[in-house]
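Raw contents of coords-v5.txt, compact mmCIF, C-alpha atoms:
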```txt
# COMPACT_ATOMS: atom_id res chain seq x y z
CA MET K 1 -36.19 -46.82 0.63
CA SER K 2 -35.87 -44.48 -2.37
CA SER K 3 -37.11 -41.53 -0.30
CA GLY K 4 -34.50 -42.28 2.36
CA LEU K 5 -31.78 -42.41 -0.30
CA LEU K 6 -32.96 -39.13 -1.79
CA ALA K 7 -32.95 -37.52 1.66
CA LEU K 8 -29.40 -38.77 2.20
CA LEU K 9 -28.33 -37.39 -1.18
CA ASP K 10 -29.95 -34.06 -0.29
CA ASP K 11 -27.98 -33.99 2.97
CA VAL K 12 -24.74 -34.80 1.13
CA ALA K 13 -25.45 -32.05 -1.41
CA ALA K 14 -26.15 -29.56 1.40
CA ILE K 15 -22.91 -30.50 3.17
CA ALA K 16 -21.02 -30.17 -0.12
CA LYS K 17 -22.48 -26.69 -0.65
CA VAL K 18 -21.45 -25.63 2.85
CA ALA K 19 -17.95 -27.07 2.30
CA ALA K 20 -17.65 -25.27 -1.04
CA ALA K 21 -18.81 -22.00 0.54
CA SER K 22 -16.32 -22.48 3.39
CA ALA K 23 -13.53 -23.15 0.89
CA ASP K 24 -14.51 -19.97 -0.98
CA ASP K 25 -14.45 -18.07 2.33
CA VAL K 26 -10.97 -19.39 3.11
CA GLY K 27 -9.76 -18.45 -0.37
CA THR K 28 -11.23 -14.95 -0.11
CA LEU K 29 -9.78 -14.39 3.36
CA ALA K 30 -6.40 -15.75 2.25
CA VAL K 31 -6.28 -13.35 -0.71
CA LYS K 32 -7.27 -10.46 1.57
CA ALA K 33 -4.64 -11.33 4.16
CA GLY K 34 -1.97 -12.06 1.55
CA THR K 35 -2.55 -8.67 -0.09
CA LYS K 36 -1.97 -6.92 3.25
CA SER K 37 1.35 -8.79 3.53
CA ALA K 38 2.52 -7.64 0.10
CA GLY K 39 5.09 -5.17 1.41
CA VAL K 40 6.79 -7.79 3.56
CA VAL K 41 6.69 -10.28 0.68
CA ILE K 42 8.46 -7.83 -1.63
CA ASP K 43 11.13 -7.25 0.98
CA ASP K 44 11.55 -11.00 1.51
CA ALA K 45 12.09 -11.49 -2.23
CA ALA K 46 14.50 -8.54 -2.32
CA VAL K 47 16.56 -9.69 0.67
CA THR K 48 17.03 -13.39 -0.10
CA PRO K 49 19.11 -13.29 -3.33
CA ARG K 50 22.09 -11.79 -1.47
CA TYR K 51 22.51 -15.06 0.45
CA VAL K 52 23.52 -16.96 -2.70
CA VAL K 53 25.96 -14.35 -4.03
CA GLY K 54 29.46 -15.75 -4.48
CA PHE K 55 28.59 -19.46 -4.63
CA ALA K 56 29.13 -21.66 -7.65
CA ALA K 57 26.19 -21.58 -10.09
CA GLU K 58 25.27 -25.23 -9.42
CA ARG K 59 24.80 -24.48 -5.70
CA GLU K 60 22.43 -21.52 -6.14
CA LEU K 61 19.17 -23.42 -6.55
CA PRO K 62 19.96 -25.99 -3.81
CA ILE K 63 20.66 -23.10 -1.42
CA VAL K 64 17.38 -21.40 -2.35
CA ALA K 65 15.58 -24.73 -1.81
CA LYS K 66 17.14 -25.12 1.65
CA ILE K 67 16.07 -21.61 2.64
CA ALA K 68 12.56 -22.24 1.28
CA ARG K 69 12.22 -25.44 3.34
CA GLY K 70 13.39 -23.54 6.42
CA SER K 71 10.88 -20.77 5.68
CA LEU K 72 8.02 -23.25 5.34
CA LYS K 73 9.07 -24.88 8.61
CA ASN K 74 9.15 -21.47 10.30
CA LYS K 75 5.62 -20.69 9.17
CA LEU K 76 3.83 -24.03 9.54
CA LEU K 77 5.56 -25.67 12.52
CA PHE K 78 6.29 -22.67 14.74
CA LEU K 79 4.50 -19.50 13.75
CA LEU K 80 1.12 -20.94 12.74
CA PRO K 81 0.52 -22.80 16.03
CA GLY K 82 1.88 -19.83 17.97
CA ALA K 83 -0.47 -17.44 16.17
CA LEU K 84 -3.47 -19.68 16.81
CA VAL K 85 -2.64 -20.04 20.50
CA LEU K 86 -2.23 -16.29 20.72
CA SER K 87 -5.62 -15.70 19.10
CA LEU K 88 -7.22 -18.02 21.67
CA VAL K 89 -5.53 -17.03 24.93
CA ALA K 90 -4.32 -13.46 24.35
CA PRO K 91 -5.94 -11.83 21.31
CA TRP K 92 -5.21 -8.44 22.89
CA ALA K 93 -1.48 -9.09 22.34
CA ILE K 94 -1.77 -9.36 18.55
CA THR K 95 -1.76 -5.60 17.92
CA PRO K 96 1.26 -4.82 20.18
CA LEU K 97 3.21 -7.70 18.61
CA LEU K 98 2.24 -6.50 15.17
CA MET K 99 3.47 -3.03 16.09
CA LEU K 100 6.80 -4.49 17.26
CA GLY K 101 7.10 -6.10 13.85
CA GLY K 102 6.26 -2.77 12.23
CA LEU K 103 8.97 -1.13 14.33
CA PHE K 104 11.43 -3.77 13.13
CA LEU K 105 10.46 -3.11 9.50
CA CYS K 106 11.01 0.64 10.00
CA PHE K 107 14.40 -0.07 11.57
CA GLU K 108 15.49 -2.41 8.77
CA GLY K 109 14.36 0.01 6.08
CA ALA K 110 16.01 3.02 7.70
CA GLU K 111 19.22 1.05 8.25
CA LYS K 112 19.35 0.15 4.56
CA VAL K 113 18.87 3.77 3.57
CA SER K 114 21.59 4.78 6.02
CA GLU K 115 23.92 2.15 4.58
CA TRP K 116 23.38 3.53 1.07
CA ILE K 117 24.20 7.06 2.26
CA TRP K 118 27.12 6.07 4.53
CA PRO K 119 28.32 2.72 3.08
CA HIS K 120 30.77 1.88 5.88
CA ALA K 121 28.84 3.22 8.84
CA HIS K 122 27.11 -0.09 9.61
CA GLY K 123 29.72 -2.60 8.60
CA GLY K 124 29.87 -4.17 12.04
CA HIS K 125 26.15 -4.67 12.30
CA GLN K 126 25.34 -5.88 8.79
CA GLU K 127 26.43 -9.38 8.03
CA SER K 128 28.54 -9.59 4.94
CA ALA K 129 26.82 -11.31 2.06
CA ALA K 130 30.05 -12.10 0.27
CA ALA K 131 31.44 -15.60 0.11
CA PRO K 132 34.32 -17.14 -1.80
CA ALA K 133 33.26 -18.56 -5.13
CA GLY K 134 32.68 -22.27 -4.85
CA ALA K 135 32.50 -22.17 -1.09
CA GLY K 136 30.38 -24.93 0.40
CA GLY K 137 29.98 -26.95 3.52
CA SER K 138 30.16 -24.83 6.64
CA GLU K 139 30.00 -21.52 4.75
CA GLU K 140 26.89 -22.64 2.89
CA ASP K 141 25.30 -23.91 6.10
CA ARG K 142 26.12 -20.65 7.87
CA ARG K 143 24.61 -18.59 5.07
CA VAL K 144 21.46 -20.75 4.94
CA ALA K 145 21.05 -20.55 8.73
CA SER K 146 21.41 -16.76 8.60
CA ALA K 147 18.82 -16.51 5.81
CA ILE K 148 16.36 -18.68 7.74
CA LYS K 149 16.78 -16.50 10.84
CA THR K 150 16.02 -13.39 8.80
CA ASP K 151 13.10 -15.18 7.19
CA PHE K 152 11.71 -16.07 10.62
CA ILE K 153 11.27 -12.41 11.49
CA LEU K 154 9.69 -11.57 8.14
CA SER K 155 7.50 -14.69 8.31
CA ALA K 156 6.36 -13.75 11.82
CA GLU K 157 5.28 -10.38 10.46
CA ILE K 158 3.44 -12.02 7.56
CA MET K 159 1.60 -14.42 9.88
CA ALA K 160 0.73 -11.61 12.33
CA ILE K 161 -0.62 -9.45 9.49
CA THR K 162 -2.58 -12.45 8.20
CA LEU K 163 -4.08 -13.16 11.63
CA SER K 164 -4.98 -9.50 12.13
CA ALA K 165 -6.83 -9.57 8.80
CA VAL K 166 -9.18 -12.37 9.96
CA PRO K 167 -9.82 -11.57 13.64
CA ASP K 168 -13.49 -12.61 13.61
CA ALA K 169 -13.15 -15.79 11.55
CA PRO K 170 -13.78 -19.17 13.24
CA PHE K 171 -10.71 -20.91 14.65
CA TRP K 172 -10.52 -23.52 11.88
CA GLN K 173 -10.79 -20.83 9.19
CA GLN K 174 -7.98 -18.87 10.82
CA ALA K 175 -5.85 -22.03 10.77
CA MET K 176 -6.65 -22.68 7.10
CA VAL K 177 -6.02 -19.08 6.07
CA LEU K 178 -2.68 -19.02 7.92
CA ALA K 179 -1.67 -22.31 6.26
CA VAL K 180 -2.75 -21.18 2.77
CA VAL K 181 -1.07 -17.78 3.05
CA GLY K 182 2.10 -19.23 4.60
CA THR K 183 2.46 -21.94 1.96
CA GLY K 184 1.44 -19.71 -0.95
CA ILE K 185 3.74 -16.85 -0.02
CA THR K 186 6.68 -19.21 0.53
CA GLY K 187 6.18 -20.69 -2.94
CA LEU K 188 5.76 -17.25 -4.49
CA VAL K 189 8.78 -15.67 -2.80
CA TYR K 190 11.27 -18.48 -3.31
CA GLY K 191 10.00 -19.28 -6.79
CA ALA K 192 10.67 -15.64 -7.67
CA VAL K 193 14.07 -15.78 -5.95
CA ALA K 194 15.01 -18.90 -7.95
CA VAL K 195 14.10 -17.11 -11.19
CA ILE K 196 16.04 -14.00 -10.16
CA VAL K 197 19.26 -15.79 -9.20
CA LYS K 198 19.28 -17.91 -12.38
CA ALA K 199 18.17 -15.19 -14.80
CA ASP K 200 21.72 -14.04 -15.57
CA ASP K 201 22.84 -17.65 -16.19
CA ALA K 202 19.90 -18.17 -18.54
CA GLY K 203 20.72 -14.91 -20.29
CA LEU K 204 24.36 -15.96 -20.69
CA VAL K 205 23.34 -19.28 -22.27
CA MET K 206 20.96 -17.48 -24.62
CA ALA K 207 23.67 -14.96 -25.58
CA GLN K 208 26.30 -17.65 -26.27
CA LYS K 209 24.25 -20.50 -27.74
CA GLY K 210 21.12 -18.89 -29.19
CA ARG K 211 20.59 -19.84 -32.82
CA MET K 212 18.73 -16.66 -33.69
CA ALA K 213 20.14 -13.14 -33.44
CA LEU K 214 17.06 -12.03 -31.50
CA VAL K 215 17.59 -14.76 -28.89
CA ARG K 216 21.27 -13.82 -28.50
CA ALA K 217 20.40 -10.12 -28.22
CA THR K 218 17.72 -10.90 -25.62
CA GLY K 219 20.24 -12.93 -23.61
CA ARG K 220 22.75 -10.09 -23.64
CA GLY K 221 19.98 -7.71 -22.59
CA ILE K 222 19.07 -9.93 -19.63
CA VAL K 223 22.70 -10.13 -18.47
CA LYS K 224 23.11 -6.36 -18.71
CA ALA K 225 19.77 -5.62 -17.06
CA MET K 226 20.08 -7.91 -14.01
CA PRO K 227 22.38 -5.68 -11.87
CA GLY K 228 20.03 -2.73 -12.40
CA PHE K 229 16.99 -4.92 -11.76
CA LEU K 230 18.44 -6.13 -8.46
CA THR K 231 19.16 -2.54 -7.45
CA VAL K 232 15.56 -1.52 -8.25
CA LEU K 233 14.31 -4.56 -6.32
CA LYS K 234 16.32 -3.51 -3.28
CA ILE K 235 14.90 0.01 -3.46
CA VAL K 236 11.34 -1.26 -3.86
CA GLY K 237 11.85 -3.67 -0.97
CA THR K 238 13.17 -0.90 1.28
CA VAL K 239 10.32 1.45 0.41
CA ALA K 240 7.86 -1.38 1.04
CA MET K 241 9.37 -2.03 4.47
CA LEU K 242 9.11 1.62 5.51
CA LEU K 243 5.61 1.99 4.07
CA VAL K 244 4.25 -1.19 5.64
CA GLY K 245 6.02 -0.52 8.95
CA GLY K 246 4.69 3.03 9.17
CA GLY K 247 1.19 1.88 8.25
CA ILE K 248 1.22 -0.88 10.88
CA LEU K 249 2.27 1.58 13.59
CA LEU K 250 -0.38 4.14 12.66
CA HIS K 251 -3.12 1.50 12.53
CA GLY K 252 -1.88 -0.04 15.78
CA PHE K 253 -2.13 3.27 17.60
CA GLU K 254 -5.69 3.63 16.32
CA VAL K 255 -6.61 0.18 17.64
CA LEU K 256 -5.03 1.02 21.01
CA GLY K 257 -7.15 4.18 21.30
CA LEU K 258 -4.64 6.73 19.99
CA PRO K 259 -6.06 7.77 16.61
CA GLY K 260 -4.30 11.16 16.53
CA PRO K 261 -1.29 10.22 14.32
CA ALA K 262 -3.42 8.37 11.75
CA HIS K 263 -5.99 11.18 11.65
CA ALA K 264 -3.21 13.74 11.19
CA VAL K 265 -1.81 11.79 8.22
CA HIS K 266 -5.25 11.42 6.69
CA GLY K 267 -6.01 15.10 7.24
CA LEU K 268 -2.75 16.31 5.69
CA ALA K 269 -3.28 14.02 2.70
CA GLY K 270 -6.76 15.51 2.31
CA LEU K 271 -5.20 18.95 1.88
CA VAL K 272 -3.44 17.66 -1.25
CA ALA K 273 -6.31 15.69 -2.77
CA HIS K 274 -9.65 14.26 -1.65
CA GLY K 275 -9.37 10.58 -2.46
CA GLY K 276 -8.49 9.19 -5.85
CA PHE K 277 -5.00 8.43 -7.10
CA TRP K 278 -3.36 11.61 -5.86
CA GLY K 279 -4.99 11.23 -2.48
CA TRP K 280 -3.52 7.74 -2.25
CA VAL K 281 -0.09 9.04 -3.32
CA ALA K 282 -0.20 11.82 -0.73
CA GLU K 283 -1.28 9.53 2.11
CA SER K 284 1.24 6.83 1.14
CA SER K 285 4.02 9.43 1.02
CA LEU K 286 3.13 10.62 4.51
CA VAL K 287 3.00 7.05 5.84
CA LEU K 288 6.41 6.45 4.22
CA LEU K 289 7.70 9.58 5.96
CA VAL K 290 6.39 8.30 9.30
CA GLY K 291 8.08 4.93 8.79
CA SER K 292 11.34 6.62 7.81
CA ALA K 293 11.28 8.97 10.82
CA VAL K 294 10.56 6.14 13.26
CA GLY K 295 13.25 3.96 11.69
CA ALA K 296 15.80 6.79 11.78
CA ALA K 297 15.09 7.25 15.50
CA VAL K 298 15.43 3.52 16.23
CA VAL K 299 18.67 2.88 14.27
CA PRO K 300 21.04 4.66 16.73
CA LEU K 301 19.17 3.12 19.66
CA VAL K 302 19.76 -0.38 18.29
CA GLU K 303 23.35 0.23 17.22
CA LYS K 304 24.54 2.12 20.31
CA ILE K 305 22.60 0.33 23.05
CA ILE K 306 20.68 -2.81 22.08
CA ALA K 307 23.28 -4.44 19.78
CA PRO K 308 26.25 -3.96 22.20
CA LEU K 309 24.12 -5.19 25.11
CA SER K 310 23.05 -8.25 23.12
CA ALA K 311 26.68 -8.96 22.20
CA ARG K 312 27.71 -8.77 25.87
CA LEU K 313 24.93 -11.16 26.89
CA ARG K 314 25.96 -13.66 24.19
CA SER K 315 29.56 -13.35 25.26
CA ALA K 316 28.61 -13.94 28.89
CA ARG K 317 26.64 -17.07 27.99
CA THR K 318 29.40 -18.55 25.84
CA GLY K 319 32.13 -17.52 28.27
```
This structure in structure tokens:
Amino acid sequence: MSSGLLALLDDVAAIAKVAAASADDVGTLAVKAGTKSAGVVIDDAAVTPRYVVGFAAERELPIVAKIARGSLKNKLLFLLPGALVLSLVAPWAITPLLMLGGLFLCFEGAEKVSEWIWPHAHGGHQESAAAPAGAGGSEEDRRVASAIKTDFILSAEIMAITLSAVPDAPFWQQAMVLAVVGTGITGLVYGAVAVIVKADDAGLVMAQKGRMALVRATGRGIVKAMPGFLTVLKIVGTVAMLLVGGGILLHGFEVLGLPGPAHAVHGLAGLVAHGGFWGWVAESSLVLLVGSAVGAAVVPLVEKIIAPLSARLRSARTG
């Protein structure tokens, strides 16, 4: 009897070890995949705050929470099952879809740069982020819906990058990694967004009601620094989009049997420095240049052909 119990306990211990190892594997793969998605995550955090601009302060966090719930729904209910089905029935399609996402990132980044250089050149294409102070109801719903649509595209890119990072993992591990990365990134992005949109309010309270001079000075510093911080965040987000988009395209061409562009970038970077920090800087700069060039080529194509055609199709459906 005792030997049977000991054997059972040994089996339970063995199963527990396997489960612990599997959990460690999922955690390791999730960190690896999440790191590859960093550029898209930065852009997501940089883009979202503009959707709460102009609303009353008490509506800012509820709006962020609505967008976060929509983002989680995008990832877990739609994109995760879609990614798993894709990995089962058409794994060959992952790289082309990933490259389409990279093309979109290049387009978005280049369009932002173009908007900074020519502020009114893209007014018809870019949705205005302004809203009357205190606006609610339909305006709030419209803004939230727009943010969730934008998030869907960025979330699709995150999930595709995540899936491409674990191509040889068992099906259940892929599912767990996608779920962990999707949930973790949503919490990270929208937690950061909540802090960003309320930082100026917190600084104002500190400046007005702080009991110590240091607290009041810190509050004033936060209020003064936030506009510049948001500008830096936008720049970092744009650079991240172009860098990640260019990198995805170069890697995608390699996977599809066209290694020439990636080898050219690596070779040119090697002329500047062989590995190390400066080698990384040189290669990243060249990848950024590739992303910018591709995006600059796609912007007029979208604005002159694709966007007007899409508008006509929508008009035909509604008419």
Any chance you could tabulate, as a Markdown table, the residues of segment 142-183 of chain K at most 10 Å from segment 52-58 of chain K with each one's nearest atom pair and distance in Å to one decimal, using only C-alpha atoms, in chain and rising number order?
```
| residue | atom | partner | partner_atom | distance |
| --- | --- | --- | --- | --- |
| K:Arg143 | CA | K:Val52 | CA | 8.0 |
| K:Val144 | CA | K:Val52 | CA | 8.8 |
| K:Ala147 | CA | K:Val52 | CA | 9.7 |
```
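Each of K:Ser71, K:Thr162, K:Thr95, K:Ser310 was compared to Asp44 of chain K using only C-alpha atoms, and K:Ser71 turns out to be the nearest.
One distance worth recording is that between atom CA of Thr186 of chain K and atom CA of Glu140 of chain K, which is 20.6 Å.
Between Ala169 of chain K and the residues K:Thr218, K:Ser285, K:Asn74, K:Ser87, the shortest atom-to-atom distance, using all atoms listed in the file, involves K:Ser87.
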Between atom CA of Ile185 of chain K and atom CA of Leu72 of chain K lies a distance of 9.4 Å
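For the residues K:Phe107, K:Phe78, K:Trp92, K:Phe152, ranking by smallest atom-to-atom distance to Leu242 of chain K using all atoms listed in the file places K:Phe107 first.
Among the candidates K:Ala199, K:Ile222, K:Ile235, K:Gly228, the one nearest to Trp116 of chain K when counting all atoms listed in the file is K:Ile235.
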Using only C-alpha atoms, which of K:Gly101, K:Gly187, K:Pro96, K:Pro227 sits nearest Ile67 of chain K? K:Gly187
